[in-house]
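Structure file input.cif; described as mmCIF, C-alpha atoms.
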data_input
#
loop_
_atom_site.label_atom_id
_atom_site.label_comp_id
_atom_site.auth_asym_id
_atom_site.auth_seq_id
_atom_site.Cartn_x
_atom_site.Cartn_y
_atom_site.Cartn_z
CA MET A 1 6.38 7.36 -7.89
CA TYR A 2 3.09 5.50 -8.24
CA ASN A 3 2.84 4.90 -4.50
CA GLN A 4 3.52 8.55 -3.82
CA MET A 5 0.66 9.52 -6.08
CA VAL A 6 -1.74 7.09 -4.45
CA LYS A 7 -0.79 8.18 -0.95
CA LYS A 8 -1.04 11.87 -1.71
CA ARG A 9 -2.32 13.47 1.47
CA VAL A 10 -6.02 14.26 1.44
CA PRO A 11 -6.96 17.56 3.14
CA GLU A 12 -7.93 16.93 6.74
CA TRP A 13 -11.37 18.47 6.31
CA LEU A 14 -12.20 15.84 3.69
CA ASN A 15 -11.67 13.06 6.22
CA SER A 16 -14.10 14.57 8.69
CA SER A 17 -17.04 12.38 9.66
CA LEU A 18 -19.15 15.28 8.50
CA TRP A 19 -18.96 13.95 4.96
CA SER A 20 -19.21 10.23 5.76
CA SER A 21 -22.90 10.06 4.99
CA PRO A 22 -25.15 12.82 3.69
CA PRO A 23 -27.81 14.13 6.05
CA SER A 24 -31.38 13.22 5.34
CA ALA A 25 -33.22 15.35 2.86
CA PRO A 26 -34.62 18.48 4.42
CA PRO A 27 -38.31 19.09 3.88
CA ILE A 28 -39.19 21.31 0.96
CA ASP A 29 -39.03 24.71 2.59
CA ASP A 30 -39.77 27.25 -0.07
CA ASP A 31 -39.53 30.71 1.45
CA ARG A 32 -40.30 32.52 -1.79
CA THR A 33 -43.66 33.75 -0.50
CA GLN A 34 -42.61 34.46 3.09
CA ARG A 35 -43.06 38.03 4.20
CA TYR A 36 -40.43 39.30 6.61
CA THR A 37 -41.50 42.15 8.81
CA SER A 38 -38.09 43.14 10.11
CA LYS A 39 -36.84 46.51 8.95
CA PRO A 40 -33.62 46.68 6.96
CA SER A 41 -30.66 47.09 9.22
CA THR A 42 -27.21 48.33 8.43
CA ALA A 43 -25.26 45.29 7.28
CA THR A 44 -21.99 44.50 8.93
CA THR A 45 -19.67 43.88 6.03
CA THR A 46 -16.37 42.09 5.93
CA SER A 47 -13.30 42.88 3.92
CA SER A 48 -13.79 42.48 0.19
CA ASP A 49 -10.92 40.01 0.12
CA SER A 50 -12.45 37.70 2.69
CA VAL A 51 -14.39 34.65 1.59
CA VAL A 52 -17.95 34.45 2.77
CA GLU A 53 -18.72 31.04 4.23
CA PRO A 54 -21.93 29.73 5.74
CA PRO A 55 -21.80 28.42 9.30
CA LEU A 56 -20.27 24.99 9.71
CA PRO A 57 -23.07 22.46 9.28
CA VAL A 58 -24.05 20.16 12.11
CA PRO A 59 -22.44 16.72 11.68
CA PRO A 60 -24.83 13.89 10.88
CA PRO A 61 -25.38 11.06 13.36
CA SER A 62 -22.32 8.89 13.82
CA SER A 63 -24.14 5.69 13.06
CA VAL A 64 -23.74 4.49 9.49
CA ARG A 65 -27.02 4.14 7.71
CA ALA A 66 -28.32 3.57 4.23
CA GLU A 67 -29.29 6.53 2.10
CA PRO A 68 -32.96 7.40 2.48
CA PRO A 69 -34.79 7.35 -0.84
CA PRO A 70 -35.71 10.76 -2.24
CA GLU A 71 -38.99 11.96 -0.86
CA PRO A 72 -41.70 11.97 -3.55
CA GLN A 73 -42.29 15.45 -4.85
CA PRO A 74 -45.83 16.70 -4.18
CA ALA A 75 -47.94 18.30 -6.85
CA ASP A 76 -46.31 21.60 -6.19
CA SER A 77 -47.94 24.96 -6.19
CA ILE A 78 -47.09 28.19 -4.46
CA SER A 79 -49.59 27.42 -1.71
CA ASP A 80 -48.13 23.93 -1.29
CA HIS A 81 -44.77 25.46 -0.54
CA GLU A 82 -46.31 27.88 1.93
CA ASP A 83 -47.98 25.03 3.78
CA LYS A 84 -44.69 23.17 4.07
CA ALA A 85 -42.74 26.18 5.26
CA ALA A 86 -43.59 25.52 8.86
CA ALA A 87 -40.17 26.32 10.27
CA SER A 88 -39.48 29.97 10.95
CA PRO A 89 -36.59 31.61 9.11
CA SER A 90 -33.31 31.26 10.96
CA PRO A 91 -31.56 34.28 12.50
CA GLU A 92 -29.00 34.03 9.69
CA GLU A 93 -31.78 34.30 7.10
CA PHE A 94 -33.30 37.30 8.86
CA SER A 95 -29.89 38.96 8.93
CA ARG A 96 -29.26 38.23 5.25
CA GLN A 97 -32.73 39.47 4.35
CA SER A 98 -32.04 42.75 6.15
CA GLN A 99 -28.68 43.12 4.42
CA LEU A 100 -30.22 42.54 1.00
CA LEU A 101 -33.06 45.00 1.61
CA ALA A 102 -30.57 47.59 2.85
CA GLU A 103 -28.45 47.16 -0.27
CA LEU A 104 -31.44 47.25 -2.61
CA SER A 105 -32.72 50.47 -1.00
CA LYS A 106 -29.62 52.42 -2.05
CA LYS A 107 -29.80 54.78 -5.01
CA THR A 108 -26.83 53.04 -6.58
CA ILE A 109 -26.50 49.38 -5.67
CA ASN A 110 -23.09 47.92 -4.90
CA VAL A 111 -23.30 44.79 -7.04
CA ARG A 112 -20.10 43.39 -5.56
CA GLU A 113 -21.57 43.56 -2.07
CA LEU A 114 -24.85 42.18 -3.37
CA ARG A 115 -23.03 39.17 -4.83
CA LYS A 116 -21.32 38.51 -1.51
CA ILE A 117 -24.61 38.48 0.41
CA ALA A 118 -26.63 36.57 -2.21
CA SER A 119 -23.99 33.85 -2.61
CA GLN A 120 -25.09 32.42 0.77
CA GLY A 121 -28.68 32.03 -0.41
CA ILE A 122 -31.50 34.52 -0.86
CA PRO A 123 -34.43 34.42 1.60
CA ASP A 124 -36.90 35.55 -1.01
CA GLY A 125 -39.37 37.51 1.02
CA ALA A 126 -41.04 40.51 -0.65
CA GLY A 127 -39.73 39.53 -4.07
CA VAL A 128 -36.08 39.87 -3.14
CA ARG A 129 -34.85 36.92 -5.21
CA SER A 130 -36.57 38.24 -8.33
CA THR A 131 -34.90 41.65 -8.06
CA VAL A 132 -31.51 40.30 -7.03
CA TRP A 133 -31.34 37.81 -9.91
CA LYS A 134 -32.12 40.57 -12.40
CA LEU A 135 -29.26 42.61 -10.96
CA LEU A 136 -26.84 39.68 -10.89
CA LEU A 137 -27.63 38.87 -14.53
CA GLY A 138 -27.11 42.48 -15.58
CA TYR A 139 -30.71 42.98 -16.66
CA LEU A 140 -31.20 45.79 -14.15
CA PRO A 141 -28.48 48.48 -13.92
CA PRO A 142 -27.02 49.36 -10.50
CA ASP A 143 -28.55 52.86 -10.71
CA ARG A 144 -32.14 52.45 -9.56
CA ALA A 145 -33.18 55.70 -11.24
CA LEU A 146 -32.61 54.00 -14.61
CA TRP A 147 -34.85 51.01 -13.91
CA PRO A 148 -38.18 52.38 -15.25
CA LEU A 149 -36.66 53.49 -18.57
CA GLU A 150 -34.59 50.33 -19.05
CA LEU A 151 -37.47 48.02 -18.24
CA ALA A 152 -39.88 49.88 -20.51
CA LYS A 153 -37.38 49.70 -23.37
CA LYS A 154 -36.67 45.98 -22.95
CA ARG A 155 -40.30 45.01 -22.54
CA SER A 156 -41.24 46.98 -25.64
CA GLN A 157 -38.43 45.29 -27.55
CA TYR A 158 -39.67 41.84 -26.54
CA LYS A 159 -43.20 42.72 -27.66
CA HIS A 160 -41.74 43.69 -31.02
CA PHE A 161 -39.92 40.35 -31.24
CA LYS A 162 -43.15 38.49 -30.58
CA ASP A 163 -45.12 40.53 -33.09
CA GLU A 164 -42.54 39.86 -35.81
CA LEU A 165 -41.41 36.32 -35.04
CA LEU A 166 -44.55 34.57 -33.82
CA MET A 167 -46.59 35.57 -36.87
CA ASN A 168 -47.51 32.80 -39.31
CA PRO A 169 -47.13 33.32 -43.09
CA SER A 170 -50.85 33.92 -43.64
CA GLU A 171 -50.70 36.83 -41.21
CA ILE A 172 -47.57 38.13 -42.93
CA THR A 173 -49.19 38.15 -46.36
CA ARG A 174 -52.27 39.77 -44.89
CA LYS A 175 -50.02 42.41 -43.33
CA LEU A 176 -48.39 43.02 -46.71
CA GLU A 177 -51.84 43.43 -48.20
CA ASP A 178 -52.80 45.97 -45.55
CA ASN A 179 -49.66 47.93 -46.35
CA GLY A 180 -50.71 48.18 -49.96
CA THR A 181 -48.00 45.95 -51.39
CA SER A 182 -50.52 43.69 -53.15
CA CYS A 183 -53.09 44.65 -55.74
CA ASP A 184 -56.12 42.57 -54.87
CA SER A 185 -59.66 42.75 -56.04
CA GLU A 186 -62.25 44.22 -53.73
CA GLU A 187 -63.75 40.76 -53.27
CA SER A 188 -60.44 39.26 -52.18
CA LYS A 189 -59.83 42.13 -49.82
CA SER A 190 -63.19 41.67 -48.19
CA LYS A 191 -62.20 38.05 -47.40
CA GLY A 192 -58.73 39.00 -46.25
CA LEU A 193 -57.15 36.83 -48.96
CA LEU A 194 -54.71 37.46 -51.77
CA SER A 195 -55.79 36.56 -55.29
CA ARG A 196 -53.57 33.79 -56.66
CA SER A 197 -52.24 35.86 -59.56
CA HIS A 198 -50.86 38.49 -57.20
CA ILE A 199 -49.21 36.28 -54.57
CA ALA A 200 -45.46 36.72 -54.87
CA HIS A 201 -43.53 33.50 -55.55
CA GLY A 202 -41.71 33.71 -52.23
CA GLU A 203 -45.04 34.04 -50.41
CA HIS A 204 -46.64 30.95 -51.95
CA PRO A 205 -47.09 27.93 -49.63
CA LEU A 206 -45.58 25.59 -52.24
CA SER A 207 -42.46 27.69 -52.75
CA LEU A 208 -39.27 25.84 -51.80
CA GLY A 209 -36.97 28.84 -52.09
CA LYS A 210 -34.70 29.49 -49.12
CA SER A 211 -36.09 32.99 -48.78
CA SER A 212 -39.69 31.76 -48.86
CA ILE A 213 -41.57 32.65 -45.71
CA TRP A 214 -43.57 29.43 -46.04
CA ASN A 215 -40.47 27.27 -46.43
CA GLN A 216 -39.05 28.85 -43.29
CA PHE A 217 -42.36 28.34 -41.52
CA PHE A 218 -42.37 24.61 -42.26
CA GLN A 219 -38.78 24.33 -40.99
CA ASP A 220 -39.73 26.17 -37.81
CA THR A 221 -42.75 23.94 -37.24
CA GLU A 222 -40.62 20.94 -36.27
CA ILE A 223 -38.73 22.97 -33.65
CA ILE A 224 -41.93 24.53 -32.34
CA GLU A 225 -43.48 21.09 -31.91
CA GLN A 226 -40.41 19.91 -29.98
CA ILE A 227 -40.57 22.98 -27.76
CA ASP A 228 -44.26 22.34 -27.13
CA ARG A 229 -43.58 18.72 -26.09
CA ASP A 230 -40.72 19.70 -23.77
CA VAL A 231 -42.62 22.58 -22.17
CA LYS A 232 -45.51 20.24 -21.32
CA ARG A 233 -43.01 17.91 -19.61
CA THR A 234 -41.45 20.70 -17.52
CA HIS A 235 -41.84 20.00 -13.80
CA PRO A 236 -44.97 17.82 -14.09
CA ASP A 237 -45.15 17.70 -10.28
CA MET A 238 -45.78 21.45 -9.98
CA HIS A 239 -49.18 23.01 -10.57
CA PHE A 240 -47.41 26.18 -11.64
CA PHE A 241 -46.09 24.47 -14.78
CA SER A 242 -48.36 21.50 -15.28
CA GLY A 243 -52.04 20.66 -15.28
CA ASP A 244 -55.23 21.73 -16.98
CA SER A 245 -55.71 25.01 -15.13
CA GLN A 246 -55.72 28.23 -17.11
CA PHE A 247 -52.89 29.47 -14.91
CA ALA A 248 -50.63 26.53 -15.80
CA LYS A 249 -51.47 26.80 -19.48
CA SER A 250 -50.67 30.51 -19.53
CA ASN A 251 -47.30 29.76 -17.93
CA GLN A 252 -46.64 27.05 -20.51
CA ASP A 253 -47.51 29.50 -23.29
CA ALA A 254 -45.03 32.01 -21.88
CA LEU A 255 -42.24 29.43 -21.77
CA LYS A 256 -43.05 28.35 -25.32
CA ASN A 257 -43.06 31.94 -26.60
CA ILE A 258 -39.66 32.66 -25.05
CA LEU A 259 -38.07 29.52 -26.49
CA VAL A 260 -39.51 30.06 -29.96
CA VAL A 261 -38.37 33.70 -30.06
CA PHE A 262 -34.92 32.67 -28.84
CA ALA A 263 -34.68 29.92 -31.46
CA LYS A 264 -35.57 32.28 -34.28
CA LEU A 265 -33.19 34.99 -33.11
CA ASN A 266 -30.34 32.49 -32.72
CA PRO A 267 -30.30 30.36 -35.90
CA GLY A 268 -26.85 29.02 -35.05
CA ILE A 269 -28.21 27.26 -31.96
CA ARG A 270 -31.97 27.28 -32.44
CA TYR A 271 -33.54 25.15 -29.72
CA VAL A 272 -31.88 22.27 -27.89
CA GLN A 273 -33.68 19.94 -25.51
CA GLY A 274 -33.01 20.98 -21.93
CA MET A 275 -33.29 24.71 -22.51
CA ASN A 276 -36.79 24.52 -21.04
CA GLU A 277 -35.29 23.31 -17.75
CA LEU A 278 -32.95 26.33 -17.60
CA LEU A 279 -35.80 28.68 -18.40
CA ALA A 280 -38.22 27.37 -15.76
CA PRO A 281 -36.48 28.69 -12.59
CA LEU A 282 -36.14 32.19 -14.04
CA TYR A 283 -39.76 32.41 -15.10
CA TYR A 284 -41.02 30.93 -11.84
CA VAL A 285 -39.12 33.45 -9.73
CA PHE A 286 -40.11 36.45 -11.85
CA LYS A 287 -43.75 35.44 -12.22
CA ASN A 288 -44.07 35.16 -8.43
CA ASP A 289 -42.82 38.68 -7.82
CA PRO A 290 -45.39 40.27 -5.46
CA ASP A 291 -45.19 43.48 -7.49
CA GLU A 292 -48.07 43.05 -9.94
CA GLU A 293 -46.40 45.14 -12.63
CA TYR A 294 -43.24 43.04 -12.47
CA ALA A 295 -45.19 39.77 -12.38
CA ALA A 296 -47.20 40.83 -15.45
CA ALA A 297 -43.97 41.49 -17.36
CA ALA A 298 -42.34 38.21 -16.26
CA GLU A 299 -42.26 36.79 -19.79
CA ALA A 300 -40.29 39.70 -21.23
CA ASP A 301 -37.97 39.95 -18.23
CA THR A 302 -37.34 36.21 -18.31
CA PHE A 303 -36.46 36.28 -22.01
CA PHE A 304 -33.59 38.75 -21.59
CA CYS A 305 -32.30 37.11 -18.41
CA PHE A 306 -32.42 33.72 -20.17
CA VAL A 307 -30.34 35.13 -23.02
CA GLU A 308 -27.81 36.48 -20.55
CA LEU A 309 -27.67 33.23 -18.59
CA LEU A 310 -27.22 31.15 -21.71
CA SER A 311 -24.50 33.41 -23.09
CA GLY A 312 -22.03 31.76 -20.71
CA PHE A 313 -23.11 28.24 -21.66
CA ARG A 314 -24.26 28.49 -25.28
CA ASP A 315 -21.28 26.50 -26.58
CA HIS A 316 -22.49 23.52 -24.54
CA PHE A 317 -25.61 23.44 -26.72
CA CYS A 318 -23.74 23.57 -30.04
CA GLN A 319 -23.00 20.02 -31.16
CA GLN A 320 -20.36 21.17 -33.64
CA LEU A 321 -18.30 22.51 -30.71
CA ASP A 322 -18.60 19.41 -28.48
CA ASN A 323 -14.94 18.47 -29.01
CA SER A 324 -13.55 22.01 -29.01
CA VAL A 325 -11.88 23.81 -26.11
CA VAL A 326 -15.18 25.58 -25.35
CA GLY A 327 -17.44 22.56 -25.83
CA ILE A 328 -19.14 20.38 -23.24
CA ARG A 329 -16.49 17.64 -23.33
CA SER A 330 -13.77 20.15 -22.49
CA THR A 331 -15.82 21.41 -19.55
CA ILE A 332 -16.34 17.86 -18.27
CA THR A 333 -12.57 17.30 -18.53
CA ARG A 334 -12.03 20.37 -16.36
CA LEU A 335 -14.33 18.84 -13.74
CA SER A 336 -12.26 15.67 -13.84
CA GLN A 337 -9.06 17.67 -13.38
CA LEU A 338 -10.60 19.62 -10.51
CA LEU A 339 -11.48 16.40 -8.70
CA LYS A 340 -7.95 15.07 -9.27
CA GLU A 341 -6.46 18.22 -7.76
CA HIS A 342 -8.57 18.01 -4.61
CA ASP A 343 -9.04 14.28 -4.09
CA GLU A 344 -6.75 12.15 -6.24
CA GLU A 345 -7.73 8.96 -4.45
CA LEU A 346 -11.38 9.41 -5.38
CA TRP A 347 -10.51 10.50 -8.92
CA ARG A 348 -8.33 7.40 -9.45
CA HIS A 349 -10.99 5.04 -8.09
CA LEU A 350 -13.73 6.50 -10.28
CA GLU A 351 -11.91 6.91 -13.57
CA ILE A 352 -9.20 4.24 -13.47
CA THR A 353 -10.34 1.50 -11.12
CA THR A 354 -14.09 1.46 -11.78
CA LYS A 355 -13.86 3.25 -15.16
CA VAL A 356 -16.80 5.58 -14.55
CA ASN A 357 -16.49 8.10 -17.37
CA PRO A 358 -17.53 11.52 -16.00
CA GLN A 359 -19.58 12.10 -19.16
CA PHE A 360 -21.98 9.42 -17.91
CA TYR A 361 -23.19 11.68 -15.10
CA ALA A 362 -21.66 15.15 -15.48
CA PHE A 363 -23.15 15.93 -18.89
CA ARG A 364 -26.60 16.45 -17.37
CA TRP A 365 -25.22 18.11 -14.24
CA ILE A 366 -23.42 20.77 -16.28
CA THR A 367 -25.75 21.41 -19.21
CA LEU A 368 -28.86 21.71 -17.02
CA LEU A 369 -27.13 23.57 -14.14
CA LEU A 370 -28.13 20.87 -11.63
CA THR A 371 -31.86 21.52 -12.08
CA GLN A 372 -32.56 17.77 -12.38
CA GLU A 373 -30.47 16.60 -9.42
CA PHE A 374 -32.31 18.36 -6.59
CA ASN A 375 -35.82 19.46 -5.74
CA PHE A 376 -36.96 22.78 -7.14
CA ALA A 377 -36.50 24.85 -3.97
CA ASP A 378 -32.95 23.52 -3.51
CA SER A 379 -32.16 24.28 -7.15
CA LEU A 380 -33.10 27.91 -6.57
CA HIS A 381 -30.72 28.04 -3.60
CA ILE A 382 -27.90 26.63 -5.73
CA TRP A 383 -28.67 29.16 -8.46
CA ASP A 384 -28.36 31.97 -5.91
CA THR A 385 -24.74 30.93 -5.54
CA LEU A 386 -24.12 30.27 -9.23
CA LEU A 387 -25.43 33.67 -10.31
CA SER A 388 -23.52 35.47 -7.56
CA ASP A 389 -20.06 34.56 -8.85
CA SER A 390 -18.42 37.51 -10.60
CA GLU A 391 -16.35 35.03 -12.63
CA GLY A 392 -19.54 33.65 -14.14
CA PRO A 393 -21.67 30.64 -13.19
CA GLN A 394 -19.48 28.01 -14.86
CA GLU A 395 -16.54 28.14 -12.46
CA THR A 396 -18.81 27.90 -9.43
CA LEU A 397 -20.82 25.15 -11.12
CA LEU A 398 -17.71 23.00 -11.56
CA ARG A 399 -16.81 23.46 -7.89
CA VAL A 400 -20.33 22.48 -6.83
CA CYS A 401 -20.17 19.38 -9.05
CA CYS A 402 -16.82 18.46 -7.53
CA ALA A 403 -18.27 18.97 -4.07
CA MET A 404 -21.12 16.61 -4.96
CA LEU A 405 -18.57 13.88 -5.59
CA ILE A 406 -16.70 14.64 -2.38
CA LEU A 407 -19.88 14.49 -0.28
CA VAL A 408 -20.42 10.84 -1.26
CA ARG A 409 -16.73 9.90 -1.52
CA ARG A 410 -16.88 7.02 0.99
CA ARG A 411 -19.75 5.38 -0.82
CA LEU A 412 -17.98 5.88 -4.13
CA LEU A 413 -14.70 4.45 -2.82
CA ALA A 414 -16.57 1.37 -1.64
CA GLY A 415 -18.54 0.98 -4.87
CA ASP A 416 -18.02 -0.66 -8.26
CA PHE A 417 -18.92 0.64 -11.73
CA THR A 418 -22.61 -0.21 -11.50
CA SER A 419 -23.28 1.09 -8.00
CA ASN A 420 -21.26 4.28 -8.54
CA LEU A 421 -22.94 5.10 -11.82
CA LYS A 422 -26.36 4.55 -10.28
CA LEU A 423 -25.46 6.76 -7.32
CA LEU A 424 -24.24 9.64 -9.49
CA GLN A 425 -27.10 9.45 -11.97
CA HIS A 426 -29.59 9.47 -9.08
CA TYR A 427 -27.84 11.75 -6.63
CA PRO A 428 -29.10 11.25 -3.05
CA PRO A 429 -30.82 14.00 -1.08
CA THR A 430 -28.38 16.23 0.74
CA ASN A 431 -28.28 19.43 2.71
CA ILE A 432 -27.59 22.22 0.24
CA SER A 433 -25.72 24.30 2.83
CA HIS A 434 -23.30 21.39 3.28
CA LEU A 435 -22.83 21.16 -0.46
CA LEU A 436 -22.17 24.85 -1.01
CA TYR A 437 -19.86 24.95 2.01
CA VAL A 438 -17.65 22.24 0.50
CA ALA A 439 -17.70 23.99 -2.88
CA ASN A 440 -16.56 27.18 -1.18
CA LYS A 441 -13.74 25.33 0.56
CA LEU A 442 -12.48 24.24 -2.86
CA ARG A 443 -12.26 27.88 -3.91
CA VAL A 444 -10.35 28.73 -0.74
CA GLN A 445 -7.84 25.94 -1.36
CA LEU A 446 -7.20 27.03 -4.94
CA SER A 447 -6.78 30.70 -3.97
CA GLY A 448 -4.52 29.69 -1.12
#
Spell out the structure here as structure tokens.
Amino acid sequence: MYNQMVKKRVPEWLNSSLWSSPPSAPPIDDDRTQRYTSKPSTATTTSSDSVVEPPLPVPPPSSVRAEPPPEPQPADSISDHEDKAAASPSPEEFSRQSQLLAELSKKTINVRELRKIASQGIPDGAGVRSTVWKLLLGYLPPDRALWPLELAKKRSQYKHFKDELLMNPSEITRKLEDNGTSCDSEESKSKGLLSRSHIAHGEHPLSLGKSSIWNQFFQDTEIIEQIDRDVKRTHPDMHFFSGDSQFAKSNQDALKNILVVFAKLNPGIRYVQGMNELLAPLYYVFKNDPDEEYAAAAEADTFFCFVELLSGFRDHFCQQLDNSVVGIRSTITRLSQLLKEHDEELWRHLEITTKVNPQFYAFRWITLLLTQEFNFADSLHIWDTLLSDSEGPQETLLRVCCAMLILVRRRLLAGDFTSNLKLLQHYPPTNISHLLYVANKLRVQLSG
């Protein structure tokens, strides 16, 4: 029985030389600011039951070679990406761009068709990625006529959240005074201060009551300081997020505002380190929308899309649920089972022979949606696929993680505990189309 398990036939496509060694890292080719001039054409659609697959990638050279080290990330800015985008968009990208524009031009958008097109990657010319992500996350309704009203309502609601939740206790007491709830002397009023005798107990800075606004403020301060530290560490290699420029600081302030508002509205979760990494791609994409009105409202739009994104993963950030069926450990176990189903030989070598616990590498992969494993532009491409799955991002995420293991299977099978752990904690550069192609094959096998 044991021998039968070990010799379980591996799918032929896994043994292809295509996966023997990952291709070298492609140059950072951020097409977010490209402007396509082709007019939308009528998209040729396939049956809704068919699985959309990217073209078969070109096999790497047959010679075995060592993995190239990751290319150092430049101090990224939007212009930096433009300078590096020397290669023209491929015919497939032009075609996909036209299909997306044609779909977005309809009065009522077919979200199912949009998911099918976007799952292959979004060539984000003319702000396409920004609009598509908002649709995929349910922030924009399919009926375009409803967009102005819905956006105005949401953006007004976010402004209200900020006005109420980002106010410090001194401002709150001053607001109470302005509303006539305090009886202060004319002198105190002229200074904008409450006389000591008329400050309610719950509004006094030394009050320790649970309902005290000052007590709550001091509790919030620790979280706010943590958010501030994490936001300043977000993508330090990109001028958009980091540096002393006013532009970078304004972007940091926006990220901080969103995370603080979220923490206060969700006391059961508050803020957990890593949320800033999930927030960054959304804000970056929305802030770079060429539509000035949309770019100006990026903070509000990002907040609601962040809430929607996190709704499918919030249990991963709740420590009390770590060991439950919805917690992060359960999700990591599902990844382990998925690998066993598709490549038992690799699963056995990793978890039994070399004893590499998947928690050692998969915890970060899953909780941060792979934002730390690839360069920023590649992460956006992966997110196109994650957000396009009607089942939710988590199922696709697990398939992508499984595909990551399969892509380096020969190196893993030849490695020991130390080398395998190092490889998986510092995943080598790879072609993202290869990776998503393998992940899609896993879906096909399961459905078949």
- Query: How many Å separate CA of Pro428 in chain A from CA of Ala362 in chain A?
  - Reply: 15.0 Å
- Task: Grab the CA of Leu369 in chain A to CA of Phe417 in chain A distance for me, in Å with one decimal place.
- Result: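 For CA of Leu369 in chain A relative to CA of Phe417 in chain A, the distance reads 24.5 Å.
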- Could you tell me which residues the PyMOL selection byres ((chain A and resi 129-146) around 10) grabs in this file, written as a PyMOL selection string? chain A and resi 32+100-101+104-112+114-115+118+121-128+147-151+154+282-290+294-295+298+301-302+304-309+380-381+383-384+386-390+392
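Our summary of the geometry notes that CA of Thr430 in chain A is positioned 15.5 Å from CA of Leu412 in chain A.
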- Item | Picked residues, the PyMOL selection byres ((chain A and resi 413) around 10), as a list of chain:residue names |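 What the PyMOL selection byres ((chain A and resi 413) around 10) grabs from the file is A:Glu345, A:Leu346, A:Trp347, A:Arg348, A:His349, A:Leu350, A:Thr353, A:Thr354, A:Val408, A:Arg409, A:Arg410, A:Arg411, A:Leu412, A:Ala414, A:Gly415, A:Asp416, A:Asn420.
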- Can you list, as a ChimeraX atom specification, every protein, DNA or RNA residue that comes within 9 Å of Phe363 in chain A when you count only C-alpha atoms, leaving out same-chain residues fewer than 3 positions away? /A:328-329,332,358-360,366-368
- Item | Pick from A:Leu424, A:Leu165, A:Leu397, A:Ala297 nearest to Lys264 in chain A, counting only C-alpha atoms |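 Among the listed residues, the smallest separation from Lys264 in chain A belongs to A:Leu165.
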- Task: Give the answer as one residue: which of A:Arg364, A:His160, A:Arg233, A:Lys116 has the shortest atom-to-atom distance to Lys256 in chain A, using all atoms listed in the file?
- Result: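 Closest to Lys256 in chain A, using all atoms listed in the file: A:Arg233.
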Range 232-261 of chain A from the block above: C-alpha atoms written as an mmCIF file, in the first residue's frame:
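Result saved to result_32.cif:
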data_model
loop_
_atom_site.group_PDB
_atom_site.id
_atom_site.type_symbol
_atom_site.label_atom_id
_atom_site.label_comp_id
_atom_site.auth_asym_id
_atom_site.auth_seq_id
_atom_site.Cartn_x
_atom_site.Cartn_y
_atom_site.Cartn_z
ATOM 1 C CA LYS A 232 6.000 54.362 6.884
ATOM 2 C CA ARG A 233 7.508 50.927 6.154
ATOM 3 C CA THR A 234 5.111 50.213 3.263
ATOM 4 C CA HIS A 235 7.025 49.704 0.004
ATOM 5 C CA PRO A 236 10.080 51.786 0.957
ATOM 6 C CA ASP A 237 11.431 51.282 -2.575
ATOM 7 C CA MET A 238 8.559 53.224 -4.177
ATOM 8 C CA HIS A 239 8.431 57.009 -4.242
ATOM 9 C CA PHE A 240 4.646 56.760 -4.296
ATOM 10 C CA PHE A 241 4.613 55.418 -0.727
ATOM 11 C CA SER A 242 7.942 56.451 0.721
ATOM 12 C CA GLY A 243 10.167 59.495 0.923
ATOM 13 C CA ASP A 244 10.028 63.090 2.064
ATOM 14 C CA SER A 245 7.971 64.453 -0.812
ATOM 15 C CA GLN A 246 4.603 65.994 -0.074
ATOM 16 C CA PHE A 247 3.057 63.517 -2.505
ATOM 17 C CA ALA A 248 4.387 60.503 -0.598
ATOM 18 C CA LYS A 249 3.361 61.967 2.744
ATOM 19 C CA SER A 250 -0.162 62.640 1.524
ATOM 20 C CA ASN A 251 -0.404 59.016 0.367
ATOM 21 C CA GLN A 252 0.858 57.818 3.739
ATOM 22 C CA ASP A 253 -1.744 59.981 5.474
ATOM 23 C CA ALA A 254 -4.477 58.439 3.338
ATOM 24 C CA LEU A 255 -3.368 54.899 4.201
ATOM 25 C CA LYS A 256 -3.202 55.814 7.879
ATOM 26 C CA ASN A 257 -6.683 57.378 7.839
ATOM 27 C CA ILE A 258 -8.206 54.300 6.217
ATOM 28 C CA LEU A 259 -6.603 51.897 8.691
ATOM 29 C CA VAL A 260 -7.545 53.978 11.730
ATOM 30 C CA VAL A 261 -11.168 54.321 10.590
#
